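Asker: Coordinates in work_39.tsv, TSV, C-alpha atoms, are listed below.
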```
chain	number	residue	atom	x	y	z
A	1	MET	CA	-141.07	-57.64	-98.17
A	2	ARG	CA	-137.78	-55.74	-98.44
A	3	LEU	CA	-137.51	-51.95	-98.30
A	4	SER	CA	-135.03	-49.74	-100.11
A	5	SER	CA	-132.54	-47.62	-98.20
A	6	ARG	CA	-134.01	-44.63	-100.08
A	7	ALA	CA	-137.27	-45.15	-98.21
A	8	ALA	CA	-135.66	-44.43	-94.83
A	9	VAL	CA	-136.73	-40.78	-94.68
A	10	ASP	CA	-137.56	-38.98	-91.47
A	11	PRO	CA	-141.16	-38.19	-90.52
A	12	PHE	CA	-142.54	-34.70	-91.13
A	13	ILE	CA	-142.95	-33.83	-87.45
A	14	VAL	CA	-145.51	-31.09	-88.03
A	15	MET	CA	-147.86	-33.76	-89.40
A	16	ASP	CA	-147.39	-35.73	-86.18
A	17	VAL	CA	-148.23	-32.56	-84.22
A	18	MET	CA	-151.36	-32.14	-86.35
A	19	GLU	CA	-152.38	-35.71	-85.48
A	20	ALA	CA	-151.79	-35.09	-81.76
A	21	ALA	CA	-153.91	-31.93	-81.99
A	22	ARG	CA	-156.63	-33.86	-83.83
A	23	ALA	CA	-156.66	-36.43	-81.03
A	24	GLU	CA	-157.07	-33.64	-78.47
A	25	GLU	CA	-159.98	-32.24	-80.47
A	26	ALA	CA	-161.56	-35.68	-80.78
A	27	ALA	CA	-161.44	-35.86	-76.98
A	28	GLY	CA	-163.45	-32.64	-76.80
A	29	ARG	CA	-160.74	-29.96	-76.40
A	30	HIS	CA	-160.59	-26.72	-78.37
A	31	VAL	CA	-157.11	-26.46	-79.89
A	32	ILE	CA	-155.60	-23.32	-81.39
A	33	HIS	CA	-153.59	-24.33	-84.44
A	34	MET	CA	-150.24	-22.55	-84.72
A	35	GLU	CA	-148.44	-25.63	-86.01
A	36	VAL	CA	-149.28	-25.85	-89.68
A	37	GLY	CA	-148.79	-23.41	-92.54
A	38	GLN	CA	-152.31	-23.65	-93.84
A	39	PRO	CA	-154.58	-20.66	-94.47
A	40	SER	CA	-157.87	-20.81	-92.61
A	41	THR	CA	-159.59	-19.25	-95.64
A	42	PRO	CA	-161.02	-21.35	-98.50
A	43	ALA	CA	-160.03	-21.12	-102.15
A	44	PRO	CA	-161.19	-17.82	-103.68
A	45	GLU	CA	-164.88	-17.58	-104.50
A	46	GLY	CA	-164.18	-17.15	-108.20
A	47	ALA	CA	-162.08	-20.31	-108.24
A	48	ARG	CA	-164.81	-22.35	-106.61
A	49	ALA	CA	-167.45	-20.97	-108.99
A	50	ALA	CA	-165.30	-21.70	-112.05
A	51	LEU	CA	-164.83	-25.31	-111.01
A	52	ALA	CA	-168.53	-25.79	-110.27
A	53	ALA	CA	-169.37	-24.57	-113.77
A	54	ALA	CA	-166.67	-26.72	-115.38
A	55	MET	CA	-167.89	-29.83	-113.58
A	56	GLU	CA	-171.31	-29.40	-115.18
A	57	ARG	CA	-169.85	-28.62	-118.59
A	58	ASP	CA	-166.74	-30.76	-119.03
A	59	ALA	CA	-165.44	-34.28	-118.37
A	60	LEU	CA	-162.28	-32.96	-116.69
A	61	GLY	CA	-160.05	-35.72	-117.96
A	62	TYR	CA	-156.34	-35.73	-118.69
A	63	THR	CA	-154.68	-32.49	-119.74
A	64	VAL	CA	-151.32	-32.17	-121.44
A	65	ALA	CA	-148.42	-32.97	-119.11
A	66	LEU	CA	-147.19	-29.39	-118.75
A	67	GLY	CA	-150.65	-28.09	-117.81
A	68	LEU	CA	-153.52	-26.23	-119.45
A	69	PRO	CA	-152.11	-23.68	-121.93
A	70	ALA	CA	-154.48	-21.03	-120.58
A	71	LEU	CA	-153.17	-21.58	-117.04
A	72	ARG	CA	-149.55	-21.41	-118.17
A	73	GLU	CA	-150.33	-18.15	-119.96
A	74	GLY	CA	-152.07	-16.82	-116.86
A	75	ILE	CA	-149.07	-17.63	-114.68
A	76	ALA	CA	-146.80	-15.87	-117.18
A	77	ARG	CA	-149.02	-12.78	-116.92
A	78	LEU	CA	-148.68	-12.97	-113.13
A	79	TYR	CA	-144.92	-12.54	-113.50
A	80	LYS	CA	-145.51	-9.41	-115.56
A	81	ARG	CA	-147.90	-8.06	-112.94
A	82	TRP	CA	-145.80	-8.90	-109.88
A	83	TYR	CA	-142.25	-8.47	-111.15
A	84	GLY	CA	-142.38	-6.72	-114.52
A	85	ILE	CA	-140.97	-9.86	-116.21
A	86	GLU	CA	-141.90	-10.85	-119.77
A	87	LEU	CA	-142.07	-14.61	-119.30
A	88	ASP	CA	-142.59	-17.09	-122.13
A	89	PRO	CA	-145.52	-19.34	-121.07
A	90	ALA	CA	-143.68	-22.26	-122.68
A	91	ARG	CA	-141.27	-22.18	-119.71
A	92	VAL	CA	-144.08	-22.65	-117.17
A	93	VAL	CA	-144.66	-26.21	-115.91
A	94	VAL	CA	-147.89	-26.77	-113.96
A	95	THR	CA	-147.44	-29.39	-111.24
A	96	ALA	CA	-149.41	-31.33	-108.62
A	97	GLY	CA	-148.43	-28.92	-105.87
A	98	SER	CA	-144.91	-27.63	-105.24
A	99	SER	CA	-144.00	-31.10	-103.95
A	100	ALA	CA	-144.31	-32.52	-107.47
A	101	ALA	CA	-142.25	-29.59	-108.74
A	102	PHE	CA	-139.43	-30.49	-106.34
A	103	LEU	CA	-139.53	-34.11	-107.49
A	104	LEU	CA	-139.34	-33.04	-111.12
A	105	ALA	CA	-136.64	-30.44	-110.48
A	106	PHE	CA	-134.38	-32.68	-108.42
A	107	THR	CA	-134.76	-35.55	-110.90
A	108	ALA	CA	-134.02	-33.31	-113.88
A	109	LEU	CA	-131.02	-31.57	-112.32
A	110	PHE	CA	-129.11	-34.12	-110.22
A	111	ASP	CA	-127.62	-37.59	-110.47
A	112	ALA	CA	-127.71	-40.13	-107.64
A	113	GLY	CA	-125.17	-39.42	-104.92
A	114	GLU	CA	-124.67	-35.75	-105.75
A	115	LYS	CA	-124.73	-33.15	-102.99
A	116	VAL	CA	-127.35	-30.42	-102.77
A	117	VAL	CA	-127.11	-27.59	-100.23
A	118	LEU	CA	-130.06	-26.22	-98.29
A	119	GLY	CA	-130.13	-23.61	-95.57
A	120	ALA	CA	-130.82	-24.76	-92.02
A	121	PRO	CA	-133.33	-24.05	-90.67
A	122	GLY	CA	-135.29	-24.87	-93.79
A	123	TYR	CA	-138.30	-26.72	-95.16
A	124	PRO	CA	-137.78	-30.35	-94.10
A	125	SER	CA	-139.21	-32.02	-97.17
A	126	TYR	CA	-136.33	-30.72	-99.31
A	127	ARG	CA	-134.03	-32.97	-97.30
A	128	GLN	CA	-136.32	-35.99	-97.35
A	129	ILE	CA	-137.14	-35.78	-101.08
A	130	LEU	CA	-133.43	-35.54	-101.85
A	131	LYS	CA	-132.76	-38.63	-99.72
A	132	ALA	CA	-135.57	-40.55	-101.42
A	133	LEU	CA	-133.96	-39.76	-104.79
A	134	SER	CA	-130.57	-41.09	-103.61
A	135	LEU	CA	-129.16	-37.57	-103.38
A	136	THR	CA	-127.17	-36.17	-100.49
A	137	PRO	CA	-128.63	-33.12	-98.68
A	138	VAL	CA	-126.04	-30.83	-97.12
A	139	ASP	CA	-127.23	-28.47	-94.40
A	140	LEU	CA	-125.76	-24.98	-94.47
A	141	GLU	CA	-126.23	-23.60	-90.96
A	142	THR	CA	-127.54	-20.04	-91.16
A	143	ARG	CA	-127.26	-17.45	-88.40
A	144	PRO	CA	-129.80	-15.35	-86.51
A	145	GLU	CA	-127.71	-12.27	-87.34
A	146	ASP	CA	-128.25	-13.11	-91.06
A	147	ARG	CA	-131.93	-13.59	-90.32
A	148	TYR	CA	-131.59	-17.31	-91.09
A	149	GLN	CA	-130.69	-16.74	-94.75
A	150	PRO	CA	-127.57	-18.28	-96.38
A	151	ARG	CA	-124.53	-16.24	-97.35
A	152	ALA	CA	-122.87	-16.61	-100.73
A	153	GLU	CA	-119.40	-16.97	-99.21
A	154	ASP	CA	-120.53	-20.01	-97.22
A	155	ILE	CA	-121.51	-22.12	-100.23
A	156	PRO	CA	-119.16	-25.13	-100.42
A	157	ASP	CA	-117.38	-26.13	-103.62
A	158	ASP	CA	-118.15	-29.83	-103.86
A	159	ILE	CA	-121.90	-29.53	-104.52
A	160	LYS	CA	-124.21	-29.67	-107.52
A	161	GLY	CA	-127.23	-27.73	-106.29
A	162	LEU	CA	-128.39	-24.92	-104.00
A	163	ILE	CA	-131.96	-24.48	-102.73
A	164	VAL	CA	-132.94	-21.03	-101.45
A	165	ALA	CA	-136.33	-19.92	-100.08
A	166	SER	CA	-137.42	-16.29	-99.73
A	167	PRO	CA	-139.70	-15.79	-97.83
A	168	ALA	CA	-138.35	-18.75	-95.95
A	169	ASN	CA	-140.01	-21.49	-93.97
A	170	PRO	CA	-139.73	-21.53	-90.92
A	171	SER	CA	-138.37	-18.01	-90.44
A	172	GLY	CA	-140.49	-15.93	-92.82
A	173	THR	CA	-137.43	-13.81	-93.63
A	174	MET	CA	-136.64	-12.59	-97.13
A	175	LEU	CA	-133.53	-11.87	-99.16
A	176	ASP	CA	-133.28	-8.45	-100.78
A	177	ARG	CA	-132.32	-8.21	-104.45
A	178	ALA	CA	-128.62	-7.79	-103.69
A	179	GLY	CA	-128.52	-10.78	-101.33
A	180	LEU	CA	-130.39	-13.03	-103.76
A	181	ALA	CA	-128.21	-11.88	-106.66
A	182	LYS	CA	-125.04	-12.76	-104.74
A	183	LEU	CA	-126.32	-16.29	-104.17
A	184	VAL	CA	-127.35	-16.77	-107.80
A	185	GLU	CA	-124.02	-15.42	-109.03
A	186	ALA	CA	-122.05	-17.61	-106.62
A	187	ALA	CA	-123.99	-20.67	-107.75
A	188	HIS	CA	-123.37	-19.88	-111.41
A	189	ALA	CA	-119.65	-19.32	-110.75
A	190	LYS	CA	-119.39	-22.77	-109.16
A	191	GLY	CA	-121.44	-24.49	-111.85
A	192	VAL	CA	-124.18	-25.20	-109.31
A	193	ALA	CA	-127.89	-25.52	-110.19
A	194	PHE	CA	-129.95	-22.85	-108.41
A	195	VAL	CA	-133.47	-23.72	-107.19
A	196	SER	CA	-135.56	-20.84	-105.83
A	197	ASP	CA	-138.54	-21.75	-103.64
A	198	GLU	CA	-140.95	-18.83	-104.01
A	199	ILE	CA	-144.06	-20.51	-102.61
A	200	TYR	CA	-144.75	-17.65	-100.17
A	201	HIS	CA	-144.53	-14.86	-102.74
A	202	GLY	CA	-147.50	-12.56	-102.45
A	203	LEU	CA	-147.41	-12.88	-98.66
A	204	HIS	CA	-145.20	-9.93	-97.79
A	205	TYR	CA	-145.81	-7.13	-95.33
A	206	GLU	CA	-143.32	-4.37	-96.11
A	207	GLY	CA	-141.11	-4.67	-99.21
A	208	ARG	CA	-142.17	-7.22	-101.86
A	209	ALA	CA	-140.32	-10.47	-102.46
A	210	VAL	CA	-137.79	-10.62	-105.31
A	211	SER	CA	-137.98	-13.48	-107.81
A	212	ALA	CA	-134.80	-15.20	-108.94
A	213	LEU	CA	-136.15	-14.70	-112.47
A	214	GLU	CA	-135.50	-10.97	-112.06
A	215	ILE	CA	-131.81	-11.85	-111.80
A	216	SER	CA	-131.30	-14.79	-114.16
A	217	ASP	CA	-133.14	-17.10	-116.55
A	218	ASP	CA	-130.72	-19.91	-115.71
A	219	VAL	CA	-132.58	-20.96	-112.55
A	220	TYR	CA	-135.48	-23.17	-111.51
A	221	VAL	CA	-138.24	-21.23	-109.75
A	222	ILE	CA	-140.93	-23.13	-107.84
A	223	ASN	CA	-144.24	-21.71	-106.66
A	224	SER	CA	-147.71	-22.87	-105.71
A	225	PHE	CA	-151.33	-21.90	-105.33
A	226	SER	CA	-151.28	-23.23	-101.75
A	227	LYS	CA	-150.32	-20.19	-99.70
A	228	TYR	CA	-151.16	-16.77	-101.21
A	229	PHE	CA	-154.03	-18.29	-103.19
A	230	SER	CA	-155.30	-20.27	-100.18
A	231	MET	CA	-155.51	-23.60	-102.04
A	232	THR	CA	-153.42	-26.07	-100.02
A	233	GLY	CA	-155.64	-29.12	-100.49
A	234	TRP	CA	-156.09	-28.54	-104.20
A	235	ARG	CA	-152.48	-29.68	-104.81
A	236	ILE	CA	-151.65	-27.35	-107.65
A	237	GLY	CA	-148.36	-25.55	-108.20
A	238	TRP	CA	-145.92	-24.60	-110.92
A	239	MET	CA	-142.30	-24.08	-111.78
A	240	VAL	CA	-140.40	-22.03	-114.33
A	241	VAL	CA	-137.40	-23.65	-115.98
A	242	PRO	CA	-134.80	-22.55	-118.55
A	243	PRO	CA	-136.02	-22.93	-122.16
A	244	ASP	CA	-133.66	-25.81	-122.92
A	245	HIS	CA	-134.94	-27.78	-119.90
A	246	VAL	CA	-138.64	-27.74	-120.82
A	247	ARG	CA	-138.67	-30.91	-122.90
A	248	THR	CA	-136.65	-32.84	-120.30
A	249	VAL	CA	-139.09	-31.86	-117.55
A	250	GLU	CA	-142.05	-32.59	-119.81
A	251	ARG	CA	-140.85	-36.17	-120.41
A	252	LEU	CA	-140.42	-36.69	-116.67
A	253	ALA	CA	-143.85	-35.21	-115.94
A	254	GLN	CA	-145.52	-37.40	-118.57
A	255	ASN	CA	-144.17	-40.53	-116.90
A	256	MET	CA	-144.31	-39.53	-113.23
A	257	PHE	CA	-147.67	-37.75	-113.09
A	258	ILE	CA	-149.31	-37.87	-116.58
A	259	CYS	CA	-150.68	-34.41	-115.82
A	260	PRO	CA	-151.65	-32.14	-112.92
A	261	PRO	CA	-155.24	-32.47	-111.64
A	262	HIS	CA	-157.56	-30.98	-114.26
A	263	ALA	CA	-160.11	-29.76	-111.71
A	264	SER	CA	-157.46	-27.93	-109.71
A	265	GLN	CA	-156.08	-26.32	-112.85
A	266	VAL	CA	-159.51	-24.90	-113.70
A	267	ALA	CA	-159.82	-23.43	-110.22
A	268	ALA	CA	-156.24	-22.09	-110.27
A	269	LEU	CA	-156.83	-20.26	-113.55
A	270	ALA	CA	-159.81	-18.44	-112.06
A	271	ALA	CA	-157.92	-17.77	-108.81
A	272	LEU	CA	-155.43	-15.64	-110.73
A	273	ASP	CA	-158.23	-13.08	-111.20
A	274	CYS	CA	-159.30	-12.98	-107.53
A	275	GLU	CA	-156.79	-10.41	-106.30
A	276	PRO	CA	-159.15	-8.29	-104.12
A	277	GLU	CA	-160.16	-11.35	-102.06
A	278	LEU	CA	-156.55	-12.55	-101.81
A	279	GLU	CA	-155.30	-9.14	-100.74
A	280	ALA	CA	-157.97	-9.08	-98.04
A	281	ASN	CA	-156.58	-12.38	-96.77
A	282	ARG	CA	-153.08	-10.89	-96.74
A	283	ALA	CA	-154.35	-8.00	-94.64
A	284	VAL	CA	-155.52	-10.54	-92.05
A	285	TYR	CA	-152.06	-12.12	-91.95
A	286	ALA	CA	-150.50	-8.69	-91.58
A	287	GLU	CA	-152.65	-8.02	-88.51
A	288	ASN	CA	-151.86	-11.49	-87.15
A	289	ARG	CA	-148.15	-10.81	-87.63
A	290	ARG	CA	-148.47	-7.57	-85.69
A	291	LEU	CA	-150.23	-9.37	-82.84
A	292	MET	CA	-147.62	-12.15	-82.78
A	293	LEU	CA	-144.66	-9.76	-82.73
A	294	GLU	CA	-146.31	-7.97	-79.83
A	295	GLY	CA	-147.68	-11.00	-77.97
A	296	LEU	CA	-144.97	-13.65	-78.21
A	297	PRO	CA	-142.36	-11.57	-76.31
A	298	LYS	CA	-144.94	-10.97	-73.59
A	299	ALA	CA	-145.23	-14.75	-73.24
A	300	GLY	CA	-141.45	-15.06	-72.96
A	301	PHE	CA	-140.52	-15.92	-76.56
A	302	THR	CA	-138.14	-13.04	-77.16
A	303	LYS	CA	-135.43	-14.44	-79.46
A	304	ILE	CA	-137.01	-14.12	-82.89
A	305	ALA	CA	-136.06	-12.77	-86.31
A	306	PRO	CA	-139.06	-10.65	-87.33
A	307	PRO	CA	-140.57	-12.16	-90.49
A	308	ASP	CA	-140.87	-10.21	-93.74
A	309	GLY	CA	-143.33	-12.62	-95.33
A	310	ALA	CA	-145.09	-16.00	-95.19
A	311	PHE	CA	-146.98	-16.56	-91.90
A	312	TYR	CA	-144.42	-17.94	-89.48
A	313	ILE	CA	-142.29	-16.82	-86.57
A	314	TYR	CA	-139.24	-18.89	-85.65
A	315	ALA	CA	-138.20	-18.59	-82.01
A	316	ASP	CA	-134.97	-19.55	-80.28
A	317	VAL	CA	-136.17	-21.14	-77.01
A	318	SER	CA	-132.77	-22.31	-75.77
A	319	ASP	CA	-133.31	-20.29	-72.60
A	320	LEU	CA	-136.47	-22.32	-71.95
A	321	THR	CA	-135.68	-25.87	-73.10
A	322	ASP	CA	-133.30	-28.12	-74.97
A	323	ASP	CA	-136.16	-30.46	-75.91
A	324	SER	CA	-138.44	-28.63	-78.34
A	325	LEU	CA	-140.40	-31.81	-79.09
A	326	GLY	CA	-141.24	-32.27	-75.42
A	327	PHE	CA	-141.87	-28.54	-74.98
A	328	ALA	CA	-144.33	-28.49	-77.91
A	329	ALA	CA	-146.13	-31.49	-76.43
A	330	GLU	CA	-146.32	-29.69	-73.07
A	331	ILE	CA	-147.74	-26.55	-74.71
A	332	LEU	CA	-150.39	-28.62	-76.49
A	333	ARG	CA	-151.28	-30.57	-73.37
A	334	GLU	CA	-151.35	-27.65	-70.92
A	335	ALA	CA	-152.33	-24.67	-73.09
A	336	GLY	CA	-154.26	-26.28	-75.94
A	337	VAL	CA	-152.03	-24.57	-78.52
A	338	ALA	CA	-150.34	-26.65	-81.24
A	339	VAL	CA	-146.87	-25.41	-82.24
A	340	THR	CA	-144.08	-27.07	-84.24
A	341	PRO	CA	-140.74	-28.21	-82.79
A	342	GLY	CA	-137.71	-26.89	-84.64
A	343	LEU	CA	-136.40	-30.41	-85.22
A	344	ASP	CA	-138.34	-30.48	-88.48
A	345	PHE	CA	-136.32	-27.57	-89.83
A	346	ASP	CA	-132.86	-27.94	-88.30
A	347	PRO	CA	-131.75	-31.41	-87.18
A	348	ALA	CA	-128.63	-30.06	-85.45
A	349	ARG	CA	-130.12	-27.10	-83.54
A	350	GLY	CA	-133.88	-27.62	-83.74
A	351	ALA	CA	-134.19	-29.07	-80.24
A	352	ARG	CA	-133.88	-25.47	-79.05
A	353	THR	CA	-136.35	-23.76	-81.41
A	354	LEU	CA	-140.09	-23.58	-82.11
A	355	ARG	CA	-142.10	-22.39	-85.11
A	356	PHE	CA	-145.36	-20.50	-84.63
A	357	SER	CA	-147.76	-20.13	-87.56
A	358	TYR	CA	-150.19	-17.21	-87.73
A	359	ALA	CA	-152.15	-18.42	-90.77
A	360	ARG	CA	-155.41	-18.85	-88.86
A	361	SER	CA	-158.11	-16.27	-88.10
A	362	THR	CA	-157.23	-13.20	-86.07
A	363	ALA	CA	-159.60	-14.38	-83.33
A	364	ASP	CA	-157.65	-17.64	-83.09
A	365	ILE	CA	-154.35	-15.76	-82.93
A	366	ARG	CA	-155.61	-13.56	-80.09
A	367	GLU	CA	-156.87	-16.58	-78.17
A	368	GLY	CA	-153.67	-18.54	-78.82
A	369	LEU	CA	-151.48	-15.70	-77.57
A	370	ALA	CA	-153.61	-15.33	-74.43
A	371	ARG	CA	-153.26	-19.05	-73.76
A	372	LEU	CA	-149.50	-18.98	-74.36
A	373	GLN	CA	-149.05	-16.00	-72.04
A	374	ALA	CA	-151.06	-17.67	-69.26
A	375	PHE	CA	-149.25	-20.99	-69.74
A	376	MET	CA	-145.79	-19.42	-69.70
A	377	ALA	CA	-146.61	-17.31	-66.65
A	378	ALA	CA	-147.73	-20.44	-64.79
A	379	ARG	CA	-144.68	-22.33	-66.00
A	380	ARG	CA	-142.34	-19.61	-64.73
A	381	GLY	CA	-144.14	-19.77	-61.41
A	382	ASP	CA	-143.64	-23.53	-61.24
A	383	ARG	CA	-139.91	-23.05	-61.76
A	384	ALA	CA	-139.47	-20.07	-59.47
```
I need this file expressed as structure tokens, please.
Answerer:
Amino acid sequence: MRLSSRAAVDPFIVMDVMEAARAEEAAGRHVIHMEVGQPSTPAPEGARAALAAAMERDALGYTVALGLPALREGIARLYKRWYGIELDPARVVVTAGSSAAFLLAFTALFDAGEKVVLGAPGYPSYRQILKALSLTPVDLETRPEDRYQPRAEDIPDDIKGLIVASPANPSGTMLDRAGLAKLVEAAHAKGVAFVSDEIYHGLHYEGRAVSALEISDDVYVINSFSKYFSMTGWRIGWMVVPPDHVRTVERLAQNMFICPPHASQVAALAALDCEPELEANRAVYAENRRLMLEGLPKAGFTKIAPPDGAFYIYADVSDLTDDSLGFAAEILREAGVAVTPGLDFDPARGARTLRFSYARSTADIREGLARLQAFMAARRGDRA
């Protein structure tokens, strides 16, 4: 059977690392997981209780394509609480995870063959989803001195879209209001659609993250219950679109997905009211971040841009290797710690970088750092 050229997307390497770690665990090894951006905590207790009650009470069939009205209203209230924004719930589109939001956004905004810019390093699935939709991803190489965030003056002219993430994956760095405003304004001046990935909002450790909706209504904002709300496997997210785009996105959603999962929507609505539990989770990540910023340099990973949010640290390891894929495999094999090669995030320079996630328990982070320090000390001795 033939395959389309659109299907020729690259693998998501972190998933391959997860499989290699699973194989090690199946063989009896204890692996510390620093490869995947997945909270170790379950969905909030209130969310689980709400779903259990709904399963006894309701059929949980199809919902309307844009999501449960109560959930859309709850998300709008979240924007008031977090950012002071009065958001019309009609602009909120509930999706099957942020991945479905990207599919809907890219389909609504761009025609086949058009160019869309994304910062490198950046979330790899942007690039692969664009390719699968017959769009052309354009990497904009960011700099360590800019903390791996794009600069407005570097945006090319011959593009139709710009994707920005703050906090970013893999770096965890954030744009301040002025930096984000410059990017939005530059996009508008060039007639470029602006897509803001805000999936890690809520996970900040000093200043709070700024939403693109604080700057303009003429943007697409994408978020999810996966990270701050600790609901990765529930596959429930949302996006906010300009008022005149709602019906277009609704028609696409009706045909592509019918609706988001009803059960996950019920849980997500209750999760919005679980702030004390969620803030306790964030406190764990804050402690993990402190341990990582202290412990990684002791292991020899010194070239990092300290993260403002999310739960990642991106390290330049060019002084240690020019084969991050092989280096990550060596770390897993010798130290029992799973980390992600930078090739996922930056095809041009990722062979010299690694991403470390600190989303797991603090005990796991302490153990992982101890293993990394011992491994690196032994490795330096081997090469002395």
Asker: Pick out the closest residue to Asp176 in chain A from this set: A:Arg147, A:Arg247, A:Lys131, A:Arg379. Count all atoms listed in the file.
Answerer: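 Closest candidate: A:Arg147.
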Asker: Show me a table, sorted first by chain and then by increasing residue number, of the residues of range 227-305 of chain A having an atom at most 12 Å from range 107-127 of chain A, each with its shortest atom pair and the distance in Å to one decimal, counting all atoms listed in the file and written as a Markdown table.
Answerer:
```
| residue | atom | partner | partner_atom | distance |
| --- | --- | --- | --- | --- |
| A:Val241 | CA | A:Ala108 | CA | 10.4 |
| A:Pro242 | CA | A:Leu109 | CA | 11.6 |
| A:Asp244 | CA | A:Ala108 | CA | 11.8 |
| A:His245 | CA | A:Ala108 | CA | 8.2 |
| A:Val246 | CA | A:Ala108 | CA | 10.0 |
| A:Arg247 | CA | A:Ala108 | CA | 10.4 |
| A:Thr248 | CA | A:Ala108 | CA | 7.0 |
| A:Val249 | CA | A:Ala108 | CA | 6.4 |
| A:Glu250 | CA | A:Ala108 | CA | 10.0 |
| A:Arg251 | CA | A:Ala108 | CA | 9.9 |
| A:Leu252 | CA | A:Ala108 | CA | 7.8 |
| A:Ala253 | CA | A:Ala108 | CA | 10.2 |
| A:Met256 | CA | A:Thr107 | CA | 10.6 |
```
Asker: Find, counting all atoms listed in the file, the residue in A:Gln38, A:Ser134, A:Ser324, A:Asn223 that gets nearest to Tyr79 in chain A.
Answerer: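 Checking each candidate against Tyr79 in chain A, we get A:Asn223 as the closest.
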Asker: Could you give me the centre and size, in Å to one decimal, of an axis-aligned box around all listed atoms of range 78-91 of chain A with 8 Å added on every side, as JSON?
Answerer:
```
{"center_x": -144.8, "center_y": -14.5, "center_z": -116.3, "size_x": 23.7, "size_y": 31.5, "size_z": 28.8}
```
Asker: For each of A:Phe12, A:Phe225, A:Phe311, A:Tyr205, take the minimum atom-to-atom distance to Ile129 in chain A, counting all atoms listed in the file, then give the residue where this is smallest.
Answerer: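 Closest candidate: A:Phe12.
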Asker: Contacts between range 31-34 of chain A and range 324-382 of chain A, please, where a residue of range 324-382 of chain A counts if it comes within 7 Å (with all atoms listed in the file); show its shortest atom pair and distance in Å to one decimal, rows by chain and ascending number, as a tab-separated table.
Answerer:
```
residue	atom	partner	partner_atom	distance
A:Gly336	CA	A:Val31	CA	4.9
A:Val337	CA	A:Ile32	CA	4.7
A:Ala338	CA	A:His33	CA	5.1
A:Val339	CA	A:Met34	CA	5.1
A:Phe356	CA	A:Met34	CA	5.3
A:Ser357	CA	A:Met34	CA	4.5
A:Tyr358	CA	A:Met34	CA	6.1
A:Asp364	CA	A:Ile32	CA	6.3
A:Gly368	CA	A:Ile32	CA	5.8
```
